[in-house]
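Structure file model-v1.txt; described as compact mmCIF, C-alpha atoms and all ligand atoms.
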```
# COMPACT_ATOMS: atom_id res chain seq x y z
CA MET A 1 22.23 49.29 74.98
CA HIS A 2 23.34 49.96 71.41
CA THR A 3 25.14 53.29 71.58
CA LYS A 4 26.93 53.45 68.23
CA GLY A 5 25.65 52.88 64.74
CA PRO A 6 22.07 52.65 63.54
CA ALA A 7 19.31 51.51 65.87
CA PRO A 8 18.97 47.87 64.78
CA GLN A 9 16.00 47.01 62.60
CA TYR A 10 15.00 43.42 61.95
CA HIS A 11 13.41 42.70 58.58
CA ASP A 12 12.22 39.38 57.22
CA GLY A 13 15.08 38.02 55.15
CA SER A 14 13.54 34.64 54.40
CA GLY A 15 13.06 35.43 50.70
CA LEU A 16 16.51 36.92 50.13
CA ARG A 17 19.73 35.78 48.49
CA ILE A 18 22.77 37.48 49.96
CA GLY A 19 26.34 37.45 48.70
CA ILE A 20 29.35 38.07 50.90
CA VAL A 21 32.77 38.79 49.45
CA HIS A 22 35.60 39.13 51.92
CA ALA A 23 39.29 39.88 51.69
CA ARG A 24 41.82 37.50 53.26
CA TRP A 25 44.19 40.21 54.52
CA ASN A 26 43.96 40.60 58.31
CA ASP A 27 42.06 37.34 58.57
CA THR A 28 41.95 37.27 62.38
CA ILE A 29 39.77 40.39 62.20
CA ILE A 30 37.88 39.30 59.09
CA GLU A 31 36.79 36.02 60.67
CA PRO A 32 34.70 37.47 63.54
CA LEU A 33 33.29 40.15 61.21
CA LEU A 34 32.19 37.43 58.80
CA LYS A 35 30.69 35.43 61.66
CA GLY A 36 28.80 38.48 62.93
CA THR A 37 27.46 39.23 59.47
CA LYS A 38 26.27 35.68 58.90
CA ALA A 39 24.76 35.41 62.38
CA LYS A 40 22.49 38.40 61.73
CA LEU A 41 21.53 37.18 58.26
CA LEU A 42 20.44 33.85 59.73
CA GLU A 43 18.69 35.56 62.64
CA CYS A 44 16.65 37.56 60.11
CA GLY A 45 15.57 34.34 58.41
CA VAL A 46 17.93 34.22 55.42
CA GLN A 47 18.36 30.55 54.49
CA ASP A 48 21.92 29.28 54.91
CA SER A 49 21.75 27.94 51.36
CA ASN A 50 20.96 31.47 50.15
CA ILE A 51 24.14 32.94 51.60
CA VAL A 52 27.06 32.71 49.20
CA VAL A 53 30.55 33.51 50.49
CA GLN A 54 33.51 34.19 48.23
CA THR A 55 37.00 35.43 49.05
CA VAL A 56 39.55 37.67 47.36
CA PRO A 57 43.17 38.37 48.33
CA GLY A 58 42.79 41.93 49.61
CA ALA A 59 40.35 44.81 49.91
CA TRP A 60 41.57 46.24 46.61
CA GLU A 61 39.95 43.30 44.81
CA LEU A 62 36.54 43.73 46.47
CA PRO A 63 34.83 46.04 43.92
CA ILE A 64 35.46 43.87 40.87
CA ALA A 65 34.58 40.70 42.75
CA VAL A 66 31.27 42.16 43.93
CA GLN A 67 30.52 43.38 40.43
CA ARG A 68 31.32 40.01 38.81
CA LEU A 69 29.45 38.03 41.45
CA TYR A 70 26.31 40.06 40.91
CA SER A 71 26.52 40.10 37.11
CA ALA A 72 27.15 36.36 36.93
CA SER A 73 24.18 35.59 39.16
CA GLN A 74 22.00 37.70 36.90
CA VAL A 75 23.20 36.02 33.72
CA GLN A 76 22.76 32.59 35.24
CA SER A 77 19.28 33.27 36.56
CA SER A 78 18.12 34.54 33.19
CA SER A 79 19.51 31.34 31.64
CA ALA A 80 18.04 28.98 34.22
CA GLY A 81 18.18 25.33 33.31
CA SER A 82 21.11 25.82 30.96
CA GLY A 83 23.30 23.39 32.87
CA ALA A 84 25.95 25.85 34.01
CA THR A 85 28.90 24.42 35.89
CA ALA A 86 31.25 25.86 38.47
CA GLY A 87 34.25 28.03 37.76
CA ASP A 88 36.31 30.77 39.40
CA LEU A 89 34.74 33.76 41.06
CA LEU A 90 36.49 36.05 38.61
CA GLY A 91 36.12 33.74 35.65
CA SER A 92 35.12 34.72 32.17
CA SER A 93 32.49 37.39 31.88
CA THR A 94 31.30 36.10 28.53
CA ALA A 95 28.09 34.20 28.00
CA ASP A 96 30.04 30.93 28.23
CA LEU A 97 28.13 29.39 31.11
CA THR A 98 30.70 26.70 31.71
CA SER A 99 33.04 29.34 33.07
CA LEU A 100 30.62 31.15 35.31
CA PRO A 101 31.50 31.51 39.00
CA ALA A 102 30.65 28.66 41.32
CA ALA A 103 28.32 30.91 43.27
CA ALA A 104 26.35 31.80 40.20
CA ALA A 105 26.22 28.25 38.94
CA THR A 106 24.01 27.27 41.85
CA ALA A 107 22.03 30.49 41.73
CA THR A 108 18.30 30.54 42.11
CA GLY A 109 18.20 34.24 41.31
CA PRO A 110 20.31 37.36 41.45
CA PHE A 111 21.56 38.58 44.79
CA ASP A 112 19.33 40.99 46.70
CA ALA A 113 22.32 42.52 48.46
CA ILE A 114 26.06 41.90 48.66
CA VAL A 115 28.27 42.57 51.67
CA ALA A 116 31.90 43.47 50.95
CA ILE A 117 34.15 42.82 53.94
CA GLY A 118 37.72 44.00 54.29
CA VAL A 119 40.06 45.34 56.93
CA LEU A 120 42.53 48.07 56.02
CA ILE A 121 45.05 48.91 58.71
CA LYS A 122 47.19 51.98 58.17
CA GLY A 123 50.89 51.25 57.74
CA GLU A 124 53.89 53.43 57.14
CA THR A 125 53.34 54.03 53.45
CA MET A 126 50.56 55.53 51.36
CA HIS A 127 49.04 52.12 50.50
CA PHE A 128 46.24 52.58 53.01
CA GLU A 129 45.08 55.90 51.59
CA TYR A 130 45.08 54.71 47.99
CA ILE A 131 43.32 51.44 48.71
CA ALA A 132 40.75 52.89 51.14
CA ASP A 133 39.78 55.67 48.75
CA SER A 134 39.58 53.46 45.67
CA VAL A 135 37.71 50.64 47.37
CA SER A 136 35.06 52.88 48.87
CA GLN A 137 34.51 54.67 45.58
CA GLY A 138 34.57 51.37 43.67
CA LEU A 139 32.00 49.72 45.91
CA MET A 140 29.69 52.72 45.74
CA ARG A 141 30.00 52.70 41.96
CA VAL A 142 29.16 49.01 41.70
CA GLY A 143 26.06 49.55 43.83
CA LEU A 144 24.83 52.49 41.79
CA ASP A 145 25.71 50.91 38.43
CA THR A 146 24.08 47.56 39.13
CA GLY A 147 21.29 48.67 41.45
CA VAL A 148 22.18 45.97 43.95
CA PRO A 149 22.73 47.30 47.48
CA VAL A 150 26.40 46.87 48.35
CA VAL A 151 27.01 46.97 52.08
CA PHE A 152 30.28 48.70 52.97
CA GLY A 153 31.88 46.26 55.37
CA VAL A 154 35.35 47.71 55.12
CA LEU A 155 37.12 48.82 58.26
CA THR A 156 39.66 51.58 57.69
CA VAL A 157 41.55 51.82 60.95
CA LEU A 158 44.81 53.15 62.29
CA SER A 159 45.83 50.17 64.44
CA ASP A 160 45.21 46.51 65.27
CA GLU A 161 43.56 47.67 68.48
CA GLN A 162 41.03 49.77 66.59
CA ALA A 163 40.29 46.86 64.29
CA LYS A 164 39.76 44.46 67.20
CA ALA A 165 37.45 46.96 68.90
CA ARG A 166 35.25 46.95 65.79
CA ALA A 167 35.20 43.21 65.38
CA GLY A 168 33.92 42.46 68.86
CA ILE A 169 37.21 40.84 69.85
CA ILE A 170 37.92 43.19 72.74
CA GLU A 171 35.76 42.58 75.79
CA GLY A 172 32.57 44.67 75.61
CA SER A 173 33.19 45.86 72.05
CA HIS A 174 30.63 45.75 69.27
CA ASN A 175 31.01 43.50 66.22
CA HIS A 176 30.31 45.69 63.20
CA GLY A 177 29.67 42.61 61.10
CA GLU A 178 26.32 42.36 62.85
CA ASP A 179 25.35 45.81 61.56
CA TRP A 180 26.38 44.78 58.05
CA GLY A 181 24.19 41.68 58.16
CA LEU A 182 21.20 43.74 59.28
CA ALA A 183 21.92 46.39 56.64
CA ALA A 184 22.03 43.73 53.91
CA VAL A 185 18.62 42.34 54.91
CA GLU A 186 17.02 45.77 55.28
CA MET A 187 18.36 46.97 51.94
CA GLY A 188 17.56 43.68 50.19
CA VAL A 189 13.95 43.86 51.39
CA LYS A 190 13.62 47.56 50.51
CA ARG A 191 15.15 47.04 47.09
CA LYS A 192 12.48 44.46 46.28
CA GLY A 193 9.88 47.08 47.17
CA TRP A 194 11.53 49.69 44.96
CA ALA A 195 11.89 47.39 41.95
C1 LIG B 201 48.97 45.64 49.83
C2 LIG B 201 48.00 45.69 50.94
C3 LIG B 201 48.28 46.40 52.12
C4 LIG B 201 49.56 47.14 52.31
N1 LIG B 201 47.43 46.43 53.14
C5 LIG B 201 46.25 45.79 53.03
C6 LIG B 201 45.31 45.81 54.10
O1 LIG B 201 45.54 46.37 55.19
N2 LIG B 201 44.12 45.17 53.91
C7 LIG B 201 43.81 44.53 52.74
O2 LIG B 201 42.69 44.00 52.63
N3 LIG B 201 44.69 44.46 51.73
C8 LIG B 201 45.90 45.06 51.85
N4 LIG B 201 46.80 45.01 50.82
C9 LIG B 201 46.50 44.15 49.65
C10 LIG B 201 45.68 44.83 48.56
O3 LIG B 201 44.33 45.01 48.96
C11 LIG B 201 45.69 43.94 47.28
O4 LIG B 201 45.21 42.66 47.58
C12 LIG B 201 47.06 43.80 46.66
O5 LIG B 201 47.66 45.06 46.45
C13 LIG B 201 46.99 43.04 45.31
O6 LIG B 201 46.21 43.77 44.37
```

Spit out the file's structure as structure tokens when you get a sec.
Amino acid sequence: MHTKGPAPQYHDGSGLRIGIVHARWNDTIIEPLLKGTKAKLLECGVQDSNIVVQTVPGAWELPIAVQRLYSASQVQSSSAGSGATAGDLLGSSTADLTSLPAAAATATGPFDAIVAIGVLIKGETMHFEYIADSVSQGLMRVGLDTGVPVVFGVLTVLSDEQAKARAGIIEGSHNHGEDWGLAAVEMGVKRKGWA
């Protein structure tokens, strides 16, 4: 029985392109969350080739990476056939297609949803508070500014134990990445309907 979180809904994701940007801090927790997210995307019918994964150093970098990933995929798709080549995720934001991100260079269209994954574990200083607050506000802003659903896959926890319990690592615990995958498909499908 699913006791926490939304009752799962399965939508047809076969026509969707989904981006995932994850931080590399706390990678032992990130890894199962990423796996859980991808597993649900695939289960909903999203093609593996339509799932683009990029990484950033820490959660702080998630908002700008999500914003650039989405914008670059839009620019590229509106310039289809222009012969764009790969570059860095956070490469130039100009119309110079040779420096567009690798993800966008292979784009067949803009992303329908982007999942931002990070794990913030409270330490002894105020870092946690500043980063958690800014990242959540930043990700919300990117979603509202661009109109692309940004799934909030950021754990803000007080201990390693709490993080493990939300990544499905502890026996019997639920992997929140699965919820994020389902949310991305549901929101991607709904967004198409709202467009
Ligand atoms: C600096 C920092 C700290 C203290 N903790 C975390 C964390 O728990 N999770 C995370 O994703 N990133 C952390 N970072 C790194 C910042 O997010 C960021 O990458 C750096 O401050 C560089 O801008």

Of the listed residues A:Thr28, A:Thr125, A:Thr146, A:Gln47, that which approaches A:Val66 most closely, counting only C-alpha atoms: A:Thr146

Shell of 8 Å around ligand LIG 201 (chain B) (all atoms listed in the file), written as an MDAnalysis selection string: chainID A and resid 23:26 56:61 118:123 125 127:128 131

Top pick for closest residue to A:Pro32, considering A:Pro110, A:Gly168, A:Gly153, A:Gly181 and counting only C-alpha atoms: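 Looking at the shortest contact to A:Pro32, the residue is A:Gly168.
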
Nearest-residue call for A:Leu155, choices A:Ser134, A:Leu33, A:Val185, A:Val21, using only C-alpha atoms: A:Leu33

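Distances here use all atoms listed in the file; by that measure, the residue among A:Asp12, A:Asp112, A:Asp48, A:Glu124 closest to A:Gly147 is A:Asp112.
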
Option closest in space to A:Ala65, from A:Pro149, A:Gly138, A:Gly5, A:Gly172 [counting only C-alpha atoms]: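 Of A:Pro149, A:Gly138, A:Gly5, A:Gly172, the one nearest A:Ala65 is A:Gly138, counting only C-alpha atoms.
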
Answer as a PyMOL selection string, residues within 9 Å of (24.4, 39.6, 39.0) using only C-alpha atoms: chain A and resi 66-77+104+109-111+146+148

Å distance separating atom CA of A:Glu43 from atom CA of A:Ser173, one decimal place: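 Here the two named atoms are 20.1 Å from each other.
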
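When atom CA of A:Ala167 is paired with atom CA of A:Ile29, their separation reads 6.2 Å.
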
Nearby residues, (20.6, 41.4, 51.3) file frame, 8 Å, all atoms listed in the file, as a list in words: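 Residues satisfying the cut-off, written out: Gly13, Leu16, Arg17, Ile18, Gly19, Phe111, Asp112, Ala113, Ile114, Val115, Pro149, Gly181, Ala183, Ala184, Val185, Glu186, Met187, Gly188 and Val189 of chain A.
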
Atom-to-atom span, atom CA of A:Lys38 and atom CA of A:Asp133, Å: 26.2 Å

All residues 8 Å or closer to A:Ile20, all atoms listed in the file, same chain fewer than 6 positions away omitted, as a list in words: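 Returned residues: Ile51, Val52, Val53, Gln54, Ile114, Val115, Ala116 and Ile117 of chain A.
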
Given all atoms listed in the file as the counted atoms, nearest of A:Gly143, A:Pro63, A:Pro6, A:Gly15 to A:Leu42: A:Gly15

Polymer residues at most 8 Å from A:Leu182, only C-alpha atoms, same-chain spacing of 2 or more positions, as a list in words: Pro8, Gln9, Tyr10, His11, Thr37, Lys40, Leu41, Cys44, Glu178, Asp179, Trp180, Ala184, Val185 and Glu186 of chain A

Missing atoms in stretch 121-148 of chain A: fill them in up to N, CA and C atoms and send the result as an mmCIF file, in the coordinates of the input.
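Generated output (out33.cif):
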```cif
data_model
loop_
_atom_site.group_PDB
_atom_site.id
_atom_site.type_symbol
_atom_site.label_atom_id
_atom_site.label_comp_id
_atom_site.auth_asym_id
_atom_site.auth_seq_id
_atom_site.Cartn_x
_atom_site.Cartn_y
_atom_site.Cartn_z
ATOM 1 N N ILE A 121 44.371 48.346 57.537
ATOM 2 C CA ILE A 121 45.050 48.910 58.710
ATOM 3 C C ILE A 121 46.195 49.784 58.223
ATOM 4 N N LYS A 122 46.198 51.011 58.667
ATOM 5 C CA LYS A 122 47.190 51.980 58.170
ATOM 6 C C LYS A 122 48.611 51.540 58.521
ATOM 7 N N GLY A 123 49.474 51.566 57.506
ATOM 8 C CA GLY A 123 50.890 51.250 57.740
ATOM 9 C C GLY A 123 51.733 52.495 57.598
ATOM 10 N N GLU A 124 52.981 52.278 57.195
ATOM 11 C CA GLU A 124 53.890 53.430 57.140
ATOM 12 C C GLU A 124 53.930 54.097 55.769
ATOM 13 N N THR A 125 53.299 53.457 54.799
ATOM 14 C CA THR A 125 53.340 54.030 53.450
ATOM 15 C C THR A 125 51.961 54.547 53.065
ATOM 16 N N MET A 126 51.830 54.963 51.825
ATOM 17 C CA MET A 126 50.560 55.530 51.360
ATOM 18 C C MET A 126 49.553 54.486 50.874
ATOM 19 N N HIS A 127 49.926 53.183 50.973
ATOM 20 C CA HIS A 127 49.040 52.120 50.500
ATOM 21 C C HIS A 127 47.609 52.274 51.032
ATOM 22 N N PHE A 128 47.525 52.493 52.315
ATOM 23 C CA PHE A 128 46.240 52.580 53.010
ATOM 24 C C PHE A 128 45.331 53.624 52.355
ATOM 25 N N GLU A 129 45.890 54.811 52.156
ATOM 26 C CA GLU A 129 45.080 55.900 51.590
ATOM 27 C C GLU A 129 44.567 55.547 50.190
ATOM 28 N N TYR A 130 45.475 55.038 49.365
ATOM 29 C CA TYR A 130 45.080 54.710 47.990
ATOM 30 C C TYR A 130 44.006 53.617 47.978
ATOM 31 N N ILE A 131 44.258 52.565 48.742
ATOM 32 C CA ILE A 131 43.320 51.440 48.710
ATOM 33 C C ILE A 131 41.973 51.850 49.320
ATOM 34 N N ALA A 132 42.006 52.517 50.475
ATOM 35 C CA ALA A 132 40.750 52.890 51.140
ATOM 36 C C ALA A 132 39.893 53.759 50.230
ATOM 37 N N ASP A 133 40.527 54.741 49.616
ATOM 38 C CA ASP A 133 39.780 55.670 48.750
ATOM 39 C C ASP A 133 39.200 54.941 47.539
ATOM 40 N N SER A 134 40.046 54.136 46.887
ATOM 41 C CA SER A 134 39.580 53.460 45.670
ATOM 42 C C SER A 134 38.494 52.435 45.977
ATOM 43 N N VAL A 135 38.679 51.697 47.051
ATOM 44 C CA VAL A 135 37.710 50.640 47.370
ATOM 45 C C VAL A 135 36.357 51.249 47.733
ATOM 46 N N SER A 136 36.372 52.320 48.519
ATOM 47 C CA SER A 136 35.060 52.880 48.870
ATOM 48 C C SER A 136 34.374 53.452 47.633
ATOM 49 N N GLN A 137 35.140 54.130 46.804
ATOM 50 C CA GLN A 137 34.510 54.670 45.580
ATOM 51 C C GLN A 137 34.069 53.535 44.643
ATOM 52 N N GLY A 138 34.901 52.498 44.546
ATOM 53 C CA GLY A 138 34.570 51.370 43.670
ATOM 54 C C GLY A 138 33.304 50.655 44.119
ATOM 55 N N LEU A 139 33.193 50.431 45.411
ATOM 56 C CA LEU A 139 32.000 49.720 45.910
ATOM 57 C C LEU A 139 30.744 50.557 45.726
ATOM 58 N N MET A 140 30.851 51.847 45.960
ATOM 59 C CA MET A 140 29.690 52.720 45.740
ATOM 60 C C MET A 140 29.288 52.672 44.266
ATOM 61 N N ARG A 141 30.292 52.721 43.399
ATOM 62 C CA ARG A 141 30.000 52.700 41.960
ATOM 63 C C ARG A 141 29.299 51.417 41.540
ATOM 64 N N VAL A 142 29.789 50.288 42.051
ATOM 65 C CA VAL A 142 29.160 49.010 41.700
ATOM 66 C C VAL A 142 27.694 49.011 42.138
ATOM 67 N N GLY A 143 27.440 49.512 43.325
ATOM 68 C CA GLY A 143 26.060 49.550 43.830
ATOM 69 C C GLY A 143 25.169 50.399 42.948
ATOM 70 N N LEU A 144 25.658 51.590 42.601
ATOM 71 C CA LEU A 144 24.830 52.490 41.790
ATOM 72 C C LEU A 144 24.693 51.975 40.352
ATOM 73 N N ASP A 145 25.759 51.397 39.818
ATOM 74 C CA ASP A 145 25.710 50.910 38.430
ATOM 75 C C ASP A 145 24.807 49.692 38.275
ATOM 76 N N THR A 146 24.849 48.797 39.257
ATOM 77 C CA THR A 146 24.080 47.560 39.130
ATOM 78 C C THR A 146 22.690 47.666 39.762
ATOM 79 N N GLY A 147 22.555 48.567 40.729
ATOM 80 C CA GLY A 147 21.290 48.670 41.450
ATOM 81 C C GLY A 147 21.174 47.664 42.583
ATOM 82 N N VAL A 148 22.222 46.886 42.815
ATOM 83 C CA VAL A 148 22.180 45.970 43.950
ATOM 84 C C VAL A 148 22.798 46.681 45.157
#
```
